file entry-v2.csv (CSV, C-alpha atoms)
chain,number,residue,atom,x,y,z
T,19,MET,CA,-6.3,-81.1,32.0
T,20,GLY,CA,-5.1,-79.8,35.4
T,21,ARG,CA,-7.2,-77.8,38.0
T,22,TYR,CA,-6.1,-74.4,39.4
T,23,THR,CA,-7.2,-72.9,42.7
T,24,VAL,CA,-7.4,-69.1,43.2
T,25,THR,CA,-7.2,-67.8,46.8
T,26,THR,CA,-8.5,-64.3,47.7
T,27,GLY,CA,-7.8,-62.4,50.8
T,28,ASN,CA,-10.5,-61.6,53.4
T,29,HIS,CA,-10.7,-57.8,52.6
T,30,PRO,CA,-13.9,-55.7,52.4
T,31,HIS,CA,-14.8,-54.1,49.1
T,32,ARG,CA,-14.0,-50.3,49.0
T,33,PRO,CA,-16.4,-48.0,47.2
T,34,SER,CA,-14.8,-46.0,44.4
T,35,ARG,CA,-14.6,-42.2,44.5
T,36,LEU,CA,-17.3,-42.1,41.9
T,37,HIS,CA,-19.6,-44.0,44.1
T,38,VAL,CA,-18.9,-41.6,47.0
T,39,ALA,CA,-19.6,-38.5,44.8
T,40,LEU,CA,-22.8,-40.0,43.6
T,41,ALA,CA,-23.9,-40.7,47.1
T,42,CYS,CA,-23.2,-37.1,48.2
T,43,ILE,CA,-25.2,-35.7,45.3
T,44,VAL,CA,-28.1,-38.0,46.0
T,45,ALA,CA,-28.0,-37.1,49.7
T,46,ALA,CA,-27.9,-33.3,49.0
T,47,ALA,CA,-30.8,-33.7,46.6
T,48,VAL,CA,-32.8,-35.5,49.1
T,49,PHE,CA,-32.0,-32.9,51.8
T,50,ALA,CA,-32.8,-30.1,49.4
T,51,LEU,CA,-36.2,-31.6,48.7
T,52,ALA,CA,-36.9,-32.5,52.3
T,53,ALA,CA,-35.5,-29.3,54.0
T,54,PRO,CA,-38.4,-27.0,53.2
T,55,THR,CA,-40.7,-29.4,54.9
T,56,MET,CA,-38.5,-29.9,57.9
T,57,ARG,CA,-39.3,-27.7,60.8
T,58,ILE,CA,-37.7,-26.9,64.1
T,59,GLY,CA,-39.3,-25.4,67.2
T,60,VAL,CA,-38.2,-22.1,68.7
T,61,THR,CA,-39.6,-19.8,71.3
T,62,VAL,CA,-40.3,-16.2,70.1
T,63,GLY,CA,-41.3,-13.8,72.8
T,64,GLY,CA,-42.6,-16.6,75.0
T,65,GLU,CA,-44.6,-18.3,72.2
T,66,HIS,CA,-43.7,-21.5,70.5
T,67,ARG,CA,-43.1,-21.3,66.8
T,68,ASP,CA,-42.3,-23.8,64.1
T,69,VAL,CA,-39.8,-22.4,61.6
T,70,PRO,CA,-38.0,-23.9,58.6
T,71,LEU,CA,-34.8,-25.7,59.3
T,72,GLY,CA,-31.9,-23.4,58.5
T,73,ALA,CA,-33.9,-20.2,59.2
T,74,THR,CA,-32.0,-17.2,60.6
T,75,VAL,CA,-32.9,-14.3,62.9
T,76,GLY,CA,-32.9,-12.1,59.8
T,77,ASN,CA,-35.5,-14.4,58.2
T,78,LEU,CA,-37.8,-14.0,61.1
T,79,LEU,CA,-37.4,-10.2,61.1
T,80,ALA,CA,-38.1,-10.1,57.4
T,81,GLU,CA,-41.3,-12.2,57.8
T,82,ASP,CA,-42.5,-10.1,60.8
T,83,VAL,CA,-42.3,-13.2,63.0
T,84,LEU,CA,-40.1,-10.9,65.1
T,85,GLN,CA,-41.6,-7.4,65.4
T,86,PRO,CA,-39.2,-5.4,67.6
T,87,LEU,CA,-40.5,-1.9,68.3
T,88,ALA,CA,-38.1,1.0,67.8
T,89,GLY,CA,-38.2,4.0,70.3
T,90,ASP,CA,-39.7,7.3,69.4
T,91,LEU,CA,-38.1,10.6,68.5
T,92,LEU,CA,-39.1,13.2,71.1
T,93,ASP,CA,-39.0,17.0,70.9
T,94,VAL,CA,-37.3,19.1,73.6
T,95,GLU,CA,-40.5,19.1,75.6
T,96,GLY,CA,-40.9,15.3,75.6
T,97,GLU,CA,-43.7,15.2,73.0
T,98,VAL,CA,-43.5,12.6,70.2
T,99,LEU,CA,-42.2,13.9,67.0
T,100,GLU,CA,-41.9,10.6,65.1
T,101,VAL,CA,-43.1,7.2,66.2
T,102,GLY,CA,-40.3,4.7,65.6
T,103,GLY,CA,-37.8,7.5,65.1
T,104,GLY,CA,-35.7,6.5,68.1
T,105,ARG,CA,-33.2,3.8,68.6
T,106,ALA,CA,-33.8,0.4,67.0
T,107,ALA,CA,-35.0,-2.4,69.3
T,108,PRO,CA,-32.4,-5.1,70.2
T,109,VAL,CA,-33.1,-8.8,69.5
T,110,PHE,CA,-31.7,-11.4,71.9
T,111,HIS,CA,-30.8,-15.0,70.9
T,112,ASN,CA,-30.7,-17.3,73.9
T,113,GLY,CA,-30.1,-14.2,76.1
T,114,ARG,CA,-27.5,-12.6,74.0
T,115,VAL,CA,-27.8,-9.8,71.5
T,116,ALA,CA,-28.3,-11.5,68.1
T,117,ASP,CA,-26.9,-10.7,64.7
T,118,PRO,CA,-29.5,-11.1,61.9
T,119,SER,CA,-27.2,-13.8,60.3
T,120,VAL,CA,-27.4,-16.1,63.3
T,121,ARG,CA,-28.9,-19.5,62.2
T,122,LEU,CA,-31.5,-21.0,64.5
T,123,SER,CA,-31.5,-24.4,66.1
T,124,ASP,CA,-34.3,-26.4,67.6
T,125,GLY,CA,-35.2,-25.1,71.1
T,126,ASP,CA,-33.7,-21.6,70.6
T,127,ARG,CA,-35.2,-18.7,72.5
T,128,LEU,CA,-35.7,-15.3,70.8
T,129,THR,CA,-36.8,-12.2,72.8
T,130,THR,CA,-36.8,-8.5,72.0
T,131,ARG,CA,-37.5,-5.3,73.8
T,132,ARG,CA,-38.6,-1.8,72.7
T,133,GLY,CA,-35.8,0.5,71.6
T,134,SER,CA,-35.1,3.6,73.7
T,135,ASP,CA,-36.6,7.0,72.9
T,136,VAL,CA,-34.3,9.7,71.5
T,137,THR,CA,-34.7,13.5,72.1
T,138,GLU,CA,-34.1,15.7,69.0
T,139,SER,CA,-30.8,17.4,68.7
T,140,LEU,CA,-30.3,21.0,69.7
T,141,GLU,CA,-29.4,23.8,67.2
T,142,VAL,CA,-27.5,26.7,68.6
T,143,THR,CA,-27.3,29.9,66.7
T,144,TYR,CA,-25.6,33.2,67.4
T,145,THR,CA,-27.0,36.4,66.1
T,146,PRO,CA,-25.5,39.9,66.4
T,147,ILE,CA,-27.1,42.6,68.4
T,148,PRO,CA,-26.7,45.8,66.5
T,149,VAL,CA,-24.9,48.7,68.2
T,150,GLU,CA,-27.2,51.4,69.3
T,151,VAL,CA,-26.2,55.0,68.8
T,152,LEU,CA,-26.5,57.3,71.8
T,153,HIS,CA,-26.2,61.1,71.2
T,154,THR,CA,-25.0,63.5,73.8
T,155,GLY,CA,-24.9,67.2,73.6
T,156,LYS,CA,-26.3,69.5,70.9
T,157,GLY,CA,-24.8,71.1,67.9
T,158,PRO,CA,-23.9,70.6,64.3
T,159,LEU,CA,-20.5,69.0,64.7
T,160,VAL,CA,-20.2,65.3,65.5
T,161,SER,CA,-17.4,63.4,67.2
T,162,LEU,CA,-17.2,59.7,68.1
T,163,GLU,CA,-16.7,59.3,71.9
T,164,ASN,CA,-17.0,55.5,72.1
T,165,PRO,CA,-17.3,53.1,69.1
T,166,GLY,CA,-19.4,50.6,71.0
T,167,VAL,CA,-19.4,46.8,70.7
T,168,THR,CA,-21.7,44.6,68.8
T,169,GLY,CA,-23.5,42.2,71.1
T,170,VAL,CA,-24.2,38.5,70.6
T,171,ARG,CA,-27.4,36.6,71.4
T,172,GLU,CA,-27.3,32.8,71.8
T,173,THR,CA,-30.5,31.0,70.9
T,174,VAL,CA,-31.0,27.2,71.4
T,175,LEU,CA,-33.8,25.5,69.4
T,176,GLY,CA,-35.0,22.0,68.8
T,177,GLU,CA,-33.4,21.0,65.5
T,178,VAL,CA,-36.5,19.3,64.2
T,179,SER,CA,-39.4,21.0,66.0
T,180,GLY,CA,-37.9,24.5,66.1
T,181,LYS,CA,-39.1,24.9,69.7
T,182,LEU,CA,-37.2,27.4,71.8
T,183,VAL,CA,-35.1,25.9,74.5
T,184,SER,CA,-33.3,28.9,75.8
T,185,THR,CA,-32.0,32.3,74.8
T,186,ARG,CA,-29.4,34.5,76.5
T,187,ILE,CA,-27.1,37.4,75.8
T,188,ALA,CA,-23.7,35.7,75.2
T,189,GLU,CA,-22.0,39.1,74.7
T,190,PRO,CA,-23.7,42.3,75.8
T,191,MET,CA,-24.0,45.1,73.3
T,192,ARG,CA,-22.3,48.4,74.3
T,193,PRO,CA,-23.7,51.5,72.6
T,194,MET,CA,-21.8,53.8,70.4
T,195,VAL,CA,-21.6,57.3,72.0
T,196,VAL,CA,-21.7,60.2,69.6
T,197,ARG,CA,-21.2,63.7,70.9
T,198,ARG,CA,-22.7,66.7,69.1
T,199,TRP,CA,-21.1,70.0,69.8
T,200,VAL,CA,-20.6,73.6,68.8
T,201,PRO,CA,-17.4,75.5,68.5
T,202,GLU,CA,-16.2,77.4,71.6
T,203,PRO,CA,-18.4,80.5,72.1
T,204,GLY,CA,-16.9,83.8,71.2
T,205,SER,CA,-17.4,85.8,68.1
T,206,ASN,CA,-20.6,85.6,65.9
T,207,VAL,CA,-19.6,83.0,63.4
T,208,VAL,CA,-21.8,81.0,61.1
T,209,ALA,CA,-21.2,78.3,58.4
T,210,LEU,CA,-23.3,78.1,55.3
T,211,THR,CA,-23.3,74.6,53.8
T,212,PHE,CA,-24.8,73.4,50.4
T,213,ASP,CA,-25.7,69.8,49.6
T,214,ASP,CA,-26.5,67.8,46.4
T,215,GLY,CA,-24.7,69.7,43.8
T,216,PRO,CA,-23.1,70.6,41.4
T,217,TRP,CA,-26.3,71.6,39.6
T,218,PRO,CA,-26.2,73.5,36.3
T,219,GLY,CA,-27.3,77.1,36.7
T,220,HIS,CA,-28.1,77.1,40.4
T,221,THR,CA,-24.6,76.2,41.7
T,222,GLU,CA,-23.0,78.8,39.5
T,223,ALA,CA,-25.5,81.4,40.6
T,224,ILE,CA,-24.8,80.6,44.3
T,225,LEU,CA,-21.0,80.8,43.6
T,226,ASP,CA,-21.6,84.2,42.0
T,227,ILE,CA,-23.5,85.5,45.1
T,228,LEU,CA,-20.9,84.2,47.5
T,229,ALA,CA,-18.1,85.8,45.5
T,230,GLU,CA,-19.9,89.1,45.3
T,231,HIS,CA,-20.4,89.2,49.1
T,232,GLU,CA,-16.9,87.7,49.8
T,233,VAL,CA,-18.3,84.8,51.7
T,234,HIS,CA,-16.8,81.3,51.9
T,235,ALA,CA,-19.0,78.3,52.4
T,236,THR,CA,-18.8,74.5,52.5
T,237,PHE,CA,-20.2,72.3,49.7
T,238,PHE,CA,-21.1,68.6,50.0
T,239,PRO,CA,-21.4,67.5,46.4
T,240,ILE,CA,-22.5,64.1,45.1
T,241,GLY,CA,-19.7,62.1,43.4
T,242,TYR,CA,-21.3,61.3,40.1
T,243,LEU,CA,-22.4,65.0,39.7
T,244,VAL,CA,-18.8,66.1,40.3
T,245,GLU,CA,-17.8,63.8,37.4
T,246,ARG,CA,-20.6,65.2,35.2
T,247,TYR,CA,-19.9,68.9,35.9
T,248,PRO,CA,-16.1,69.0,36.8
T,249,ASP,CA,-15.7,72.7,35.9
T,250,VAL,CA,-18.3,73.7,38.5
T,251,ALA,CA,-16.7,71.5,41.1
T,252,ARG,CA,-13.3,72.9,40.4
T,253,ARG,CA,-14.6,76.4,40.7
T,254,MET,CA,-15.8,75.6,44.3
T,255,VAL,CA,-12.3,74.8,45.3
T,256,ASP,CA,-10.6,77.5,43.2
T,257,GLU,CA,-12.7,80.2,44.9
T,258,GLY,CA,-11.8,79.2,48.4
T,259,HIS,CA,-14.7,77.1,49.5
T,260,SER,CA,-14.4,73.8,51.4
T,261,ILE,CA,-15.6,70.6,49.9
T,262,GLY,CA,-16.8,67.5,51.7
T,263,ASN,CA,-18.1,64.0,50.8
T,264,HIS,CA,-21.8,63.5,50.3
T,265,THR,CA,-21.5,59.9,48.8
T,266,TYR,CA,-21.2,59.0,45.2
T,267,GLY,CA,-24.9,58.3,44.5
T,268,HIS,CA,-26.8,59.8,47.4
T,269,PRO,CA,-28.5,56.7,48.9
T,270,ILE,CA,-29.8,56.7,52.4
T,271,LEU,CA,-27.0,54.8,54.0
T,272,THR,CA,-28.9,53.4,57.0
T,273,ARG,CA,-30.9,51.4,54.5
T,274,VAL,CA,-28.0,49.7,52.8
T,275,PRO,CA,-25.4,47.1,53.9
T,276,LEU,CA,-22.0,48.0,55.2
T,277,GLU,CA,-20.3,47.1,51.8
T,278,ALA,CA,-22.5,49.7,50.1
T,279,VAL,CA,-21.7,52.3,52.7
T,280,THR,CA,-18.0,51.8,52.2
T,281,ARG,CA,-18.3,51.9,48.5
T,282,GLU,CA,-20.4,55.1,48.5
T,283,MET,CA,-17.8,56.9,50.7
T,284,ILE,CA,-14.8,55.7,48.8
T,285,GLU,CA,-16.2,56.4,45.4
T,286,GLY,CA,-17.4,59.8,46.5
T,287,ASN,CA,-13.9,60.7,47.7
T,288,ARG,CA,-12.4,59.3,44.5
T,289,ALA,CA,-14.6,61.4,42.3
T,290,ILE,CA,-13.9,64.6,44.2
T,291,ARG,CA,-10.1,63.9,44.4
T,292,ASP,CA,-9.9,63.1,40.7
T,293,VAL,CA,-11.6,66.3,39.7
T,294,THR,CA,-10.5,68.8,42.3
T,295,ALA,CA,-7.3,67.2,43.7
T,296,VAL,CA,-8.8,67.7,47.2
T,297,THR,CA,-9.4,64.7,49.5
T,298,PRO,CA,-12.4,65.4,51.7
T,299,THR,CA,-12.0,65.3,55.5
T,300,TRP,CA,-15.7,66.0,56.2
T,301,PHE,CA,-18.6,63.7,55.5
T,302,ARG,CA,-22.3,64.4,55.5
T,303,PRO,CA,-24.7,61.5,55.2
T,304,PRO,CA,-27.6,61.9,52.8
T,305,GLY,CA,-30.8,62.9,54.6
T,306,GLY,CA,-28.8,63.2,57.8
T,307,ALA,CA,-29.4,59.4,58.4
T,308,ILE,CA,-26.7,58.1,60.7
T,309,ASP,CA,-26.0,54.9,62.5
T,310,SER,CA,-23.0,53.0,64.0
T,311,LYS,CA,-21.7,51.6,60.7
T,312,ILE,CA,-21.7,55.1,59.1
T,313,MET,CA,-19.8,56.6,62.0
T,314,ARG,CA,-17.3,53.7,62.0
T,315,GLU,CA,-16.7,53.9,58.3
T,316,SER,CA,-16.3,57.6,58.1
T,317,GLU,CA,-13.8,57.5,61.0
T,318,ARG,CA,-11.9,54.6,59.4
T,319,LEU,CA,-11.7,56.5,56.1
T,320,GLY,CA,-10.3,59.6,57.8
T,321,MET,CA,-13.5,61.8,57.6
T,322,LYS,CA,-15.5,63.4,60.4
T,323,VAL,CA,-19.2,63.6,60.2
T,324,VAL,CA,-20.8,67.1,60.1
T,325,MET,CA,-24.5,67.7,60.4
T,326,TRP,CA,-26.3,71.0,60.9
T,327,ASP,CA,-28.4,72.8,63.5
T,328,VAL,CA,-30.4,75.1,61.3
T,329,ASP,CA,-32.5,73.8,58.4
T,330,PRO,CA,-35.0,76.0,56.5
T,331,GLN,CA,-35.9,73.0,54.4
T,332,ASP,CA,-35.3,74.9,51.2
T,333,TRP,CA,-35.9,71.7,49.2
T,334,ARG,CA,-39.6,72.0,50.0
T,335,ARG,CA,-39.6,75.5,48.4
T,336,PRO,CA,-41.7,77.1,51.2
T,337,GLY,CA,-41.0,80.7,49.9
T,338,THR,CA,-38.0,83.0,50.2
T,339,GLN,CA,-39.4,85.2,53.0
T,340,VAL,CA,-40.5,82.2,55.0
T,341,MET,CA,-37.1,80.7,54.9
T,342,LEU,CA,-35.4,84.1,55.7
T,343,ASP,CA,-37.6,84.7,58.7
T,344,ARG,CA,-36.9,81.1,60.0
T,345,LEU,CA,-33.1,81.4,59.5
T,346,LEU,CA,-32.8,84.8,61.2
T,347,ALA,CA,-34.8,83.5,64.2
T,348,GLU,CA,-32.7,80.3,64.6
T,349,ILE,CA,-29.2,81.2,63.7
T,350,LYS,CA,-26.9,81.7,66.6
T,351,PRO,CA,-23.1,81.9,67.1
T,352,GLY,CA,-21.5,78.7,65.8
T,353,SER,CA,-24.5,77.6,63.7
T,354,VAL,CA,-24.2,75.4,60.7
T,355,VAL,CA,-26.9,76.1,58.1
T,356,LEU,CA,-28.2,73.4,55.7
T,357,LEU,CA,-29.0,74.6,52.2
T,358,HIS,CA,-29.1,72.9,48.8
T,359,ASP,CA,-27.6,73.9,45.5
T,360,GLY,CA,-28.7,70.7,43.7
T,361,GLY,CA,-31.4,68.1,43.6
T,362,GLY,CA,-34.1,70.1,41.9
T,363,ASP,CA,-35.3,73.7,41.5
T,364,ARG,CA,-33.2,75.8,43.8
T,365,SER,CA,-34.3,79.2,42.6
T,366,GLN,CA,-35.7,80.1,46.0
T,367,THR,CA,-32.4,79.3,47.6
T,368,VAL,CA,-30.6,81.5,45.1
T,369,GLU,CA,-33.0,84.4,45.9
T,370,LEU,CA,-32.6,83.8,49.7
T,371,LEU,CA,-28.9,84.2,49.8
T,372,PRO,CA,-28.3,88.0,49.2
T,373,PRO,CA,-30.8,89.2,51.9
T,374,LEU,CA,-29.6,86.5,54.4
T,375,ILE,CA,-26.0,87.3,54.0
T,376,GLU,CA,-26.6,91.0,54.2
T,377,GLU,CA,-28.7,90.8,57.3
T,378,LEU,CA,-26.3,88.5,59.1
T,379,LYS,CA,-23.4,90.8,58.3
T,380,GLU,CA,-25.5,93.7,59.8
T,381,ARG,CA,-25.8,91.6,63.0
T,382,GLY,CA,-22.0,91.2,63.1
T,383,TYR,CA,-21.7,87.6,61.9
T,384,VAL,CA,-18.6,86.3,60.1
T,385,PHE,CA,-19.0,83.5,57.6
T,386,LEU,CA,-16.6,80.6,57.9
T,387,THR,CA,-16.1,77.2,56.2
T,388,ILE,CA,-16.4,74.1,58.4
T,389,ASP,CA,-12.6,73.8,58.4
T,390,GLU,CA,-12.4,77.4,59.8
T,391,LEU,CA,-15.2,76.9,62.2
T,392,VAL,CA,-13.5,74.0,64.0
T,393,ARG,CA,-9.9,75.1,63.7
call {"tool": "encode", "arguments": {"input": "entry-v2.csv", "output": "structure tokens"}}
result
Amino acid sequence: MGRYTVTTGNHPHRPSRLHVALACIVAAAVFALAAPTMRIGVTVGGEHRDVPLGATVGNLLAEDVLQPLAGDLLDVEGEVLEVGGGRAAPVFHNGRVADPSVRLSDGDRLTTRRGSDVTESLEVTYTPIPVEVLHTGKGPLVSLENPGVTGVRETVLGEVSGKLVSTRIAEPMRPMVVRRWVPEPGSNVVALTFDDGPWPGHTEAILDILAEHEVHATFFPIGYLVERYPDVARRMVDEGHSIGNHTYGHPILTRVPLEAVTREMIEGNRAIRDVTAVTPTWFRPPGGAIDSKIMRESERLGMKVVMWDVDPQDWRRPGTQVMLDRLLAEIKPGSVVLLHDGGGDRSQTVELLPPLIEELKERGYVFLTIDELVR
């Protein structure tokens, strides 16, 4: 039987891919088991620290190995409002600002410094300075000389502390100037005015007396009462009397917002116009209370304000003779007399009228409406 010889080349044996993969897995496992126990040395704030291999800046922050101090939040006077409420403290890795994700190597240096303080923000507010009303002259009639300008006050406060930083007048207020006046002197004229009607019984009685003595007056009725007693309101106009606006519901207008002032004036006019077909051109504020918004709105709505210069306060019911004596002593040429035909028991006012009219006529007075008085 013959012999065979096999010759092999001088080549190294190559590991298979399977062997390589197995080796990697084993190496990874060994590293995973060993890594937690493997340490590296870093310097933190000048002190040596051993930290796990693979640690990051963020790991040291989370474990309070690094404890950077944030700045404080200060108020406008420099007092501390919140410790640590300022800017965050920077962390430096080998002299450069570090991101928390930076992985550490043996021998690295970590430093930090305190964050900067922050002063609270400022809050600036602007508030209106209401227009003051300055009165010049004397008399029952009122005209607007200067509408005035609302001022503006600027206030600066600490947003958190509320402490005052500064305040100043950003826009000065200019007062409204209201002139009160009387008609040009001349003949003895007087205007009787009646507020707060129509009032069942009393208003009709007053109209009867005025008709009997051939006297015309000016009535300032309340809107909702005009709607309730339309026949009486129409009689005022039909018998030659002037009619003005006394609001719809008789609120004190200086105590309500502008929207309510406007509504009261408009609704008062509407009620009178719907019932009598007359659009008032005169306005008398309830209680005589007046301010800049009332003057502006009455002017804007085409009405002039009319007040009075003689008031016997008949609504207090002081007695017929007391009121008569007061009126005869105070009435002078051009006077506007305030009386009431509504709002309660006006029997004393009804009793007052005949002797008052008769005595004034004896003294040579002529009775005019407000329209006639200022014509």
call {"tool": "atom_distance", "arguments": {"input": "entry-v2.csv", "atom1": "atom CA of T:Leu92", "atom2": "atom CA of T:Thr137"}}
result
4.5 Å
call {"tool": "closest_residue", "arguments": {"input": "entry-v2.csv", "among": "T:Val60, T:Val136, T:Leu175, T:Ala107", "to": "T:Leu91", "atoms": "all atoms listed in the file"}}
result
T:Val136
call {"tool": "closest_atom_pairs", "arguments": {"input": "entry-v2.csv", "of": "stretch 153-194 of chain T", "to": "stretch 317-331 of chain T", "cutoff": "10 Å", "atoms": "only C-alpha atoms", "output": "JSON lines"}}
result
{"residue": "T:Lys156", "atom": "CA", "partner": "T:Asp327", "partner_atom": "CA", "distance": 8.4}
{"residue": "T:Gly157", "atom": "CA", "partner": "T:Asp327", "partner_atom": "CA", "distance": 5.9}
{"residue": "T:Pro158", "atom": "CA", "partner": "T:Trp326", "partner_atom": "CA", "distance": 4.2}
{"residue": "T:Leu159", "atom": "CA", "partner": "T:Val324", "partner_atom": "CA", "distance": 5.0}
{"residue": "T:Val160", "atom": "CA", "partner": "T:Val323", "partner_atom": "CA", "distance": 5.7}
{"residue": "T:Ser161", "atom": "CA", "partner": "T:Lys322", "partner_atom": "CA", "distance": 7.1}
{"residue": "T:Leu162", "atom": "CA", "partner": "T:Glu317", "partner_atom": "CA", "distance": 8.2}
{"residue": "T:Pro165", "atom": "CA", "partner": "T:Glu317", "partner_atom": "CA", "distance": 9.9}
call {"tool": "atom_distance", "arguments": {"input": "entry-v2.csv", "atom1": "atom CA of T:Asp359", "atom2": "atom CA of T:Arg197"}}
result
28.1 Å
call {"tool": "atom_distance", "arguments": {"input": "entry-v2.csv", "atom1": "atom CA of T:Gly361", "atom2": "atom CA of T:Tyr247"}}
result
13.9 Å
call {"tool": "residues_around", "arguments": {"input": "entry-v2.csv", "residues": "T:His231", "least_positions_apart": "3", "cutoff": "12 Å", "atoms": "only C-alpha atoms", "output": "list in words"}}
result
Ile224, Leu225, Asp226, Ile227, Leu228, His234, Ala235, Leu371, Pro372, Pro373, Leu374, Ile375, Glu376, Glu377, Leu378, Lys379, Val384 and Phe385 of chain T
call {"tool": "closest_residue", "arguments": {"input": "entry-v2.csv", "among": "T:Val170, T:Leu182, T:Ala295, T:Leu99", "to": "T:Pro146", "atoms": "all atoms listed in the file"}}
result
T:Val170
call {"tool": "residues_around", "arguments": {"input": "entry-v2.csv", "residues": "stretch 108-120 of chain T", "least_positions_apart": "2", "cutoff": "6 Å", "atoms": "all atoms listed in the file", "output": "list in words"}}
result
Thr74, Val75, Gly76, Arg127, Leu128, Thr129 and Thr130 of chain T
call {"tool": "residues_near_point", "arguments": {"input": "entry-v2.csv", "point": "(-26.9, 78.0, 57.6)", "cutoff": "6 Å", "atoms": "all atoms listed in the file", "output": "short mmCIF file (atom, residue, chain, number, x, y, z; two decimals) with C-alpha atoms, in the coordinates of the input"}}
result
data_model
loop_
_atom_site.label_atom_id
_atom_site.label_comp_id
_atom_site.auth_asym_id
_atom_site.auth_seq_id
_atom_site.Cartn_x
_atom_site.Cartn_y
_atom_site.Cartn_z
CA ALA T 209 -21.20 78.30 58.40
CA LEU T 210 -23.30 78.10 55.30
CA VAL T 328 -30.40 75.10 61.30
CA VAL T 354 -24.20 75.40 60.70
CA VAL T 355 -26.90 76.10 58.10
CA LEU T 356 -28.20 73.40 55.70
#
call {"tool": "residues_around", "arguments": {"input": "entry-v2.csv", "residues": "T:Pro298", "least_positions_apart": "4", "cutoff": "9 Å", "atoms": "all atoms listed in the file", "output": "compact mmCIF listing (two decimals) with C-alpha atoms, in the frame of the given file"}}
result
# COMPACT_ATOMS: atom_id res chain seq x y z
CA SER T 260 -14.40 73.80 51.40
CA ILE T 261 -15.60 70.60 49.90
CA GLY T 262 -16.80 67.50 51.70
CA ASN T 263 -18.10 64.00 50.80
CA ASN T 287 -13.90 60.70 47.70
CA ILE T 290 -13.90 64.60 44.20
CA ARG T 291 -10.10 63.90 44.40
CA GLY T 320 -10.30 59.60 57.80
CA MET T 321 -13.50 61.80 57.60
call {"tool": "closest_residue", "arguments": {"input": "entry-v2.csv", "among": "T:Gly360, T:Ser310, T:Gly133, T:Arg334", "to": "T:His268", "atoms": "all atoms listed in the file"}}
result
T:Gly360
